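Q: My structure is stored as coords39.cif, with mmCIF, C-alpha atoms.
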data_query
#
loop_
_atom_site.label_atom_id
_atom_site.label_comp_id
_atom_site.auth_asym_id
_atom_site.auth_seq_id
_atom_site.Cartn_x
_atom_site.Cartn_y
_atom_site.Cartn_z
CA PRO A 129 177.76 -285.93 -131.80
CA GLU A 130 174.57 -285.08 -133.71
CA TRP A 131 172.37 -285.74 -130.68
CA ARG A 132 174.70 -283.68 -128.51
CA ARG A 133 174.42 -280.74 -130.92
CA ILE A 134 170.62 -280.96 -130.79
CA PHE A 135 170.55 -281.19 -127.00
CA GLU A 136 172.89 -278.23 -126.65
CA LEU A 137 170.66 -276.13 -128.91
CA GLN A 138 167.59 -277.20 -126.96
CA LYS A 139 169.26 -276.14 -123.72
CA LYS A 140 169.96 -272.67 -125.14
CA ILE A 141 166.33 -272.31 -126.23
CA TYR A 142 164.99 -273.39 -122.85
CA GLU A 143 167.16 -270.81 -121.12
CA ILE A 144 165.54 -267.92 -123.01
CA PRO A 145 163.75 -265.85 -120.34
CA GLY A 146 160.04 -266.58 -120.32
CA TYR A 147 160.20 -269.83 -122.27
CA ILE A 148 159.74 -271.79 -119.05
CA ALA A 149 157.17 -270.09 -116.82
CA GLN A 150 157.58 -269.79 -113.04
CA ASP A 151 155.01 -272.54 -112.54
CA LYS A 152 157.18 -274.81 -114.73
CA VAL A 153 154.69 -274.69 -117.60
CA TRP A 154 156.52 -275.46 -120.82
CA ALA A 155 155.37 -272.89 -123.39
CA TRP A 156 155.79 -274.61 -126.74
CA THR A 157 152.36 -275.85 -127.89
CA ARG A 158 150.21 -274.65 -130.77
CA ASP A 159 147.91 -272.83 -128.36
CA HIS A 160 150.86 -270.97 -126.85
CA PHE A 161 151.63 -269.65 -130.33
CA MET A 162 148.12 -268.96 -131.65
CA LYS A 163 145.95 -268.24 -128.61
CA ASP A 164 148.20 -267.20 -125.74
CA GLN A 165 150.72 -265.70 -128.20
CA THR A 166 153.56 -266.16 -125.73
CA ILE A 167 156.09 -267.70 -128.13
CA ALA A 168 157.49 -265.99 -131.21
CA MET A 169 158.12 -268.97 -133.47
CA ARG A 170 156.84 -272.53 -133.77
CA ALA A 171 158.23 -275.10 -136.20
CA ALA A 172 155.26 -277.28 -137.09
CA TRP A 173 153.67 -279.29 -139.87
CA LEU A 174 151.35 -277.24 -142.05
CA ALA A 175 148.52 -279.70 -141.47
CA ASN A 176 148.85 -278.99 -137.76
CA MET A 177 148.52 -275.22 -138.17
CA VAL A 178 146.48 -274.11 -141.18
CA GLY A 179 143.09 -275.47 -140.10
CA PRO A 180 143.27 -274.13 -136.52
CA LEU A 181 144.49 -270.74 -137.79
CA GLU A 182 141.51 -270.53 -140.13
CA GLU A 183 139.17 -271.49 -137.28
CA LEU A 184 140.59 -268.65 -135.18
CA ARG A 185 140.07 -266.22 -138.06
CA GLN A 186 136.45 -267.31 -138.32
CA GLN A 187 136.11 -266.61 -134.59
CA GLY A 188 137.38 -263.08 -135.14
CA VAL A 189 140.82 -263.68 -133.63
CA ASP A 190 143.58 -262.00 -135.63
CA PHE A 191 147.28 -261.56 -134.96
CA ASN A 192 150.46 -260.84 -136.87
CA TRP A 193 152.05 -264.05 -138.15
CA ASP A 194 153.66 -265.40 -141.31
CA ILE A 195 155.43 -268.41 -142.79
CA VAL A 196 159.22 -268.76 -143.04
CA PRO A 197 161.51 -271.67 -143.97
CA VAL A 198 162.38 -273.94 -141.06
CA PRO A 199 165.65 -272.78 -139.45
CA ASN A 200 168.58 -275.17 -139.56
CA PHE A 201 172.23 -275.60 -138.63
CA ASP A 202 174.80 -273.80 -140.78
CA ASP A 203 175.97 -277.01 -142.43
CA GLN A 204 172.38 -278.03 -143.25
CA LEU A 205 171.14 -274.81 -144.84
CA GLY A 206 168.92 -275.45 -147.83
CA LYS A 207 167.49 -278.56 -146.25
CA THR A 208 164.28 -278.84 -144.29
CA ARG A 209 162.61 -281.46 -142.10
CA GLU A 210 161.30 -284.77 -143.37
CA ALA A 211 158.11 -284.56 -145.39
CA GLN A 212 155.04 -285.66 -143.47
CA ILE A 213 153.21 -288.11 -145.70
CA HIS A 214 149.49 -288.82 -145.55
CA SER A 215 149.14 -291.78 -147.89
CA VAL A 216 146.23 -293.40 -149.69
CA SER A 217 146.56 -297.04 -150.69
CA ILE A 218 144.50 -299.92 -152.04
CA ASN A 219 143.84 -302.85 -149.73
CA SER A 220 145.14 -306.10 -151.18
CA GLN A 221 141.90 -307.77 -150.04
CA SER A 222 139.67 -305.29 -151.85
CA LYS A 223 137.13 -306.65 -154.32
CA HIS A 224 137.09 -303.30 -156.13
CA LYS A 225 140.76 -302.66 -156.95
CA ASP A 226 140.02 -301.24 -160.40
CA GLU A 227 137.50 -298.75 -159.03
CA ALA A 228 139.84 -297.83 -156.18
CA PHE A 229 142.65 -297.25 -158.67
CA GLN A 230 140.40 -294.89 -160.60
CA VAL A 231 139.92 -292.89 -157.40
CA LEU A 232 143.71 -292.70 -156.98
CA GLU A 233 144.02 -291.54 -160.59
CA GLU A 234 141.53 -288.76 -159.92
CA LEU A 235 143.33 -287.71 -156.73
CA LEU A 236 146.64 -287.54 -158.58
CA SER A 237 145.29 -285.68 -161.59
CA ASP A 238 146.22 -282.04 -162.02
CA GLU A 239 142.70 -280.99 -161.09
CA GLY A 240 142.55 -283.23 -158.05
CA GLN A 241 145.91 -281.96 -156.84
CA ARG A 242 144.83 -278.37 -157.57
CA ILE A 243 141.89 -278.75 -155.15
CA ILE A 244 144.25 -280.18 -152.54
CA ALA A 245 146.82 -277.42 -153.03
CA ARG A 246 144.29 -274.59 -152.94
CA ASN A 247 142.97 -275.99 -149.66
CA GLY A 248 146.28 -275.85 -147.86
CA ARG A 249 147.87 -279.22 -148.53
CA VAL A 250 151.16 -279.59 -150.39
CA PRO A 251 150.48 -281.39 -153.69
CA ALA A 252 151.91 -284.88 -154.14
CA ILE A 253 152.99 -284.23 -157.72
CA VAL A 254 155.73 -281.93 -158.98
CA ASN A 255 153.97 -279.03 -160.65
CA PRO A 256 155.25 -275.48 -160.08
CA GLY A 257 151.92 -274.13 -161.27
CA LEU A 258 150.12 -275.83 -158.40
CA GLU A 259 152.62 -274.41 -155.92
CA LYS A 260 151.59 -270.93 -157.06
CA GLU A 261 147.97 -271.78 -156.21
CA TYR A 262 148.79 -273.11 -152.75
CA GLY A 263 146.30 -271.96 -150.12
CA LEU A 264 144.24 -269.71 -152.40
CA ASP A 265 140.96 -271.09 -151.00
CA ILE A 266 142.01 -270.59 -147.36
CA PRO A 267 141.22 -267.00 -146.28
CA VAL A 268 143.68 -267.00 -143.38
CA LEU A 269 146.56 -267.57 -145.83
CA GLU A 270 145.74 -264.49 -147.88
CA GLY A 271 148.73 -262.16 -147.94
CA LYS A 272 151.00 -264.68 -146.25
CA SER A 273 154.39 -265.76 -147.61
CA VAL A 274 153.07 -269.15 -148.70
CA GLN A 275 155.88 -269.71 -151.22
CA ASN A 276 158.21 -270.22 -148.25
CA VAL A 277 156.42 -273.54 -147.83
CA PHE A 278 158.32 -274.84 -150.85
CA ILE A 279 161.79 -273.60 -149.90
CA GLY A 280 164.27 -276.26 -148.86
CA GLN A 281 164.95 -279.86 -149.79
CA PRO A 282 163.14 -282.25 -147.42
CA LEU A 283 165.37 -284.74 -145.66
CA GLN A 284 165.04 -288.37 -146.66
CA GLU A 285 162.54 -290.11 -144.40
CA HIS A 286 164.38 -292.13 -141.79
CA TYR A 287 163.73 -295.81 -141.27
CA ALA A 288 161.43 -296.19 -138.27
CA HIS A 289 162.71 -299.09 -136.17
CA PRO A 290 159.93 -301.22 -134.62
CA TYR A 291 161.13 -300.08 -131.17
CA GLU A 292 161.11 -296.37 -132.05
CA SER A 293 157.58 -295.51 -130.95
CA GLU A 294 158.20 -297.24 -127.62
CA ILE A 295 161.43 -295.45 -126.75
CA SER A 296 160.82 -291.99 -128.23
CA VAL A 297 159.17 -290.96 -124.96
CA ARG A 298 162.68 -290.97 -123.48
CA LEU A 299 163.62 -288.04 -125.74
CA THR A 300 160.64 -286.08 -124.46
CA GLU A 301 161.72 -286.88 -120.92
CA ALA A 302 165.25 -285.73 -121.73
CA ALA A 303 163.91 -282.45 -123.08
CA GLU A 304 161.93 -281.96 -119.87
CA ASP A 305 165.06 -282.69 -117.84
CA LEU A 306 166.86 -279.93 -119.73
CA ALA A 307 163.97 -277.47 -119.66
CA ILE A 308 162.45 -278.00 -116.23
CA ASN A 309 164.55 -280.30 -114.04
CA GLY A 310 167.84 -278.43 -114.35
CA LEU A 311 169.96 -281.21 -115.82
CA ASP A 312 172.97 -280.33 -117.93
CA VAL A 313 173.37 -281.78 -121.42
CA ASN A 314 175.73 -284.59 -120.43
CA SER A 315 173.48 -285.72 -117.60
CA ALA A 316 170.36 -285.60 -119.75
CA ILE A 317 172.01 -287.65 -122.50
CA ARG A 318 173.38 -290.20 -120.04
CA LYS A 319 170.00 -290.58 -118.31
CA ALA A 320 168.17 -290.98 -121.63
CA GLU A 321 170.71 -293.49 -122.93
CA GLU A 322 170.44 -295.61 -119.80
CA ALA A 323 166.63 -295.60 -119.97
CA ILE A 324 166.63 -296.44 -123.69
CA ASN A 325 169.09 -299.32 -123.24
CA LYS A 326 166.88 -300.71 -120.50
CA ASP A 327 163.79 -300.34 -122.68
CA VAL A 328 165.51 -302.07 -125.59
CA GLY A 329 166.42 -305.00 -123.36
CA THR A 330 162.78 -305.34 -122.31
CA LEU A 331 161.50 -304.99 -125.88
CA ARG A 332 163.89 -307.67 -127.13
CA THR A 333 162.45 -309.99 -124.53
CA THR A 334 158.80 -309.19 -125.28
CA LEU A 335 158.86 -308.45 -129.03
CA GLY A 336 161.99 -310.21 -130.20
CA ASP A 337 165.18 -308.87 -131.74
CA LEU A 338 163.51 -306.90 -134.52
CA LYS A 339 165.42 -305.07 -137.27
#
Using the file provided, produce a representation of the structure as structure tokens.
A:
Amino acid sequence: PEWRRIFELQKKIYEIPGYIAQDKVWAWTRDHFMKDQTIAMRAAWLANMVGPLEELRQQGVDFNWDIVPVPNFDDQLGKTREAQIHSVSINSQSKHKDEAFQVLEELLSDEGQRIIARNGRVPAIVNPGLEKEYGLDIPVLEGKSVQNVFIGQPLQEHYAHPYESEISVRLTEAAEDLAINGLDVNSAIRKAEEAINKDVGTLRTTLGDLK
């Protein structure tokens, strides 16, 4: 049922006039939002947007945009997408674990996290004061509603099955079937499920029955 709800919403979005161009170009990328400016809203990770937006500003390209909380279903209001984690860890084979740990301590200090926050990355520690300084060293964020970055409770990260990266392409194909190839929701789901089941059978043979 959850997948069906998502597919049905996708279908409605794809049917918005102009979303799919006459040449079947699918207008959803970062460039469509920032450069071509042919889509009104793009849900994206901050790390995917802030740097390129600042680069455009430096090139003299300016347009009217702002930050809002990620939209959600009525029964999921107050929640937002999973947090995207860029982690730093110490290699178990390192001969300099103590020194490496000191680097981690510095990164996680208030001052280290302040530098990170002011440069457009969400701090890894809970400190409302740092949230108020978010993006202050990024000119393109001046005057933007940056506090919307911190609205919403991130969903718990899902467990990534070892097969997931191999079969996720089938979801992209299903989206293309809905957007470009004219399939209805039931047909797109059925086609994707059949392809995924076939992929899983192959992966079990080649990789083993992983959990």
Q: Using all atoms listed in the file, which of the listed residues (A:Pro180, A:Lys339, A:Ala211, A:Lys223) sits closest to Glu292 of chain A?
A: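 Looking at the shortest contact to Glu292 of chain A, the residue is A:Lys339.
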Q: How many Å separate atom CA of Glu270 of chain A from atom CA of Val216 of chain A?
A: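 Pair atom CA of Glu270 of chain A / atom CA of Val216 of chain A returns 29.0 Å.
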Q: Counting only C-alpha atoms, which of A:Ser315, A:Thr334, A:Thr157, A:Ser293 gets nearest to Asn176 of chain A?
A: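 When distances to Asn176 of chain A are compared using only C-alpha atoms, the smallest one comes from A:Thr157.
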Q: Of the candidates A:Gln284, A:Asn309, A:Thr208, A:Asn276, which shows the shortest atom-to-atom distance to Tyr262 of chain A, using all atoms listed in the file?
A: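 Looking at the shortest contact to Tyr262 of chain A, the residue is A:Asn276.
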Q: Please compute the atom CA of Arg158 of chain A-atom CA of Ile243 of chain A distance, one decimal, in Å.
A: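 Separation of atom CA of Arg158 of chain A and atom CA of Ile243 of chain A: 26.1 Å.
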Q: Can I get segment 137-163 of chain A with N, CA and C atoms filled in, as a short mmCIF file (atom, residue, chain, number, x, y, z; two decimals), in the coordinates of the input?
A:
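rebuild-v5.cif written:
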data_model
loop_
_atom_site.label_atom_id
_atom_site.label_comp_id
_atom_site.auth_asym_id
_atom_site.auth_seq_id
_atom_site.Cartn_x
_atom_site.Cartn_y
_atom_site.Cartn_z
N LEU A 137 171.53 -277.18 -128.38
CA LEU A 137 170.66 -276.13 -128.91
C LEU A 137 169.37 -276.04 -128.11
N GLN A 138 168.81 -277.20 -127.78
CA GLN A 138 167.59 -277.20 -126.96
C GLN A 138 167.84 -276.48 -125.64
N LYS A 139 168.95 -276.77 -125.01
CA LYS A 139 169.26 -276.14 -123.72
C LYS A 139 169.30 -274.63 -123.85
N LYS A 140 169.90 -274.12 -124.93
CA LYS A 140 169.96 -272.67 -125.14
C LYS A 140 168.56 -272.08 -125.30
N ILE A 141 167.70 -272.80 -126.02
CA ILE A 141 166.33 -272.31 -126.23
C ILE A 141 165.58 -272.27 -124.91
N TYR A 142 165.72 -273.32 -124.12
CA TYR A 142 164.99 -273.39 -122.85
C TYR A 142 165.42 -272.31 -121.87
N GLU A 143 166.64 -271.83 -122.03
CA GLU A 143 167.16 -270.81 -121.12
C GLU A 143 166.75 -269.40 -121.51
N ILE A 144 166.05 -269.24 -122.64
CA ILE A 144 165.54 -267.92 -123.01
C ILE A 144 164.52 -267.47 -121.97
N PRO A 145 164.68 -266.30 -121.39
CA PRO A 145 163.75 -265.85 -120.34
C PRO A 145 162.31 -265.88 -120.82
N GLY A 146 161.46 -266.51 -120.01
CA GLY A 146 160.04 -266.58 -120.32
C GLY A 146 159.61 -267.85 -121.01
N TYR A 147 160.59 -268.60 -121.56
CA TYR A 147 160.20 -269.83 -122.27
C TYR A 147 159.63 -270.85 -121.29
N ILE A 148 160.26 -270.95 -120.12
CA ILE A 148 159.74 -271.79 -119.05
C ILE A 148 159.15 -270.86 -117.99
N ALA A 149 157.85 -270.98 -117.77
CA ALA A 149 157.17 -270.09 -116.82
C ALA A 149 157.56 -270.46 -115.39
N GLN A 150 157.23 -269.56 -114.45
CA GLN A 150 157.58 -269.79 -113.04
C GLN A 150 156.89 -271.02 -112.48
N ASP A 151 155.71 -271.34 -113.02
CA ASP A 151 155.01 -272.54 -112.54
C ASP A 151 155.46 -273.79 -113.28
N LYS A 152 156.58 -273.69 -113.99
CA LYS A 152 157.18 -274.81 -114.73
C LYS A 152 156.37 -275.23 -115.95
N VAL A 153 155.42 -274.39 -116.38
CA VAL A 153 154.69 -274.69 -117.60
C VAL A 153 155.62 -274.49 -118.78
N TRP A 154 155.62 -275.44 -119.67
CA TRP A 154 156.52 -275.46 -120.82
C TRP A 154 155.79 -274.86 -122.01
N ALA A 155 156.13 -273.64 -122.39
CA ALA A 155 155.37 -272.89 -123.39
C ALA A 155 155.85 -273.21 -124.81
N TRP A 156 155.34 -274.27 -125.39
CA TRP A 156 155.79 -274.61 -126.74
C TRP A 156 154.66 -275.11 -127.64
N THR A 157 153.43 -275.22 -127.12
CA THR A 157 152.36 -275.85 -127.89
C THR A 157 151.76 -274.90 -128.93
N ARG A 158 150.90 -275.45 -129.75
CA ARG A 158 150.21 -274.65 -130.77
C ARG A 158 149.38 -273.55 -130.12
N ASP A 159 148.72 -273.85 -129.03
CA ASP A 159 147.91 -272.83 -128.36
C ASP A 159 148.77 -271.70 -127.80
N HIS A 160 149.97 -272.02 -127.34
CA HIS A 160 150.86 -270.97 -126.85
C HIS A 160 151.21 -270.00 -127.98
N PHE A 161 151.31 -270.51 -129.19
CA PHE A 161 151.63 -269.65 -130.33
C PHE A 161 150.41 -268.88 -130.82
N MET A 162 149.27 -269.57 -130.99
CA MET A 162 148.12 -268.96 -131.65
C MET A 162 147.19 -268.23 -130.69
N LYS A 163 146.95 -268.80 -129.53
CA LYS A 163 145.95 -268.24 -128.61
C LYS A 163 146.59 -267.38 -127.53
#
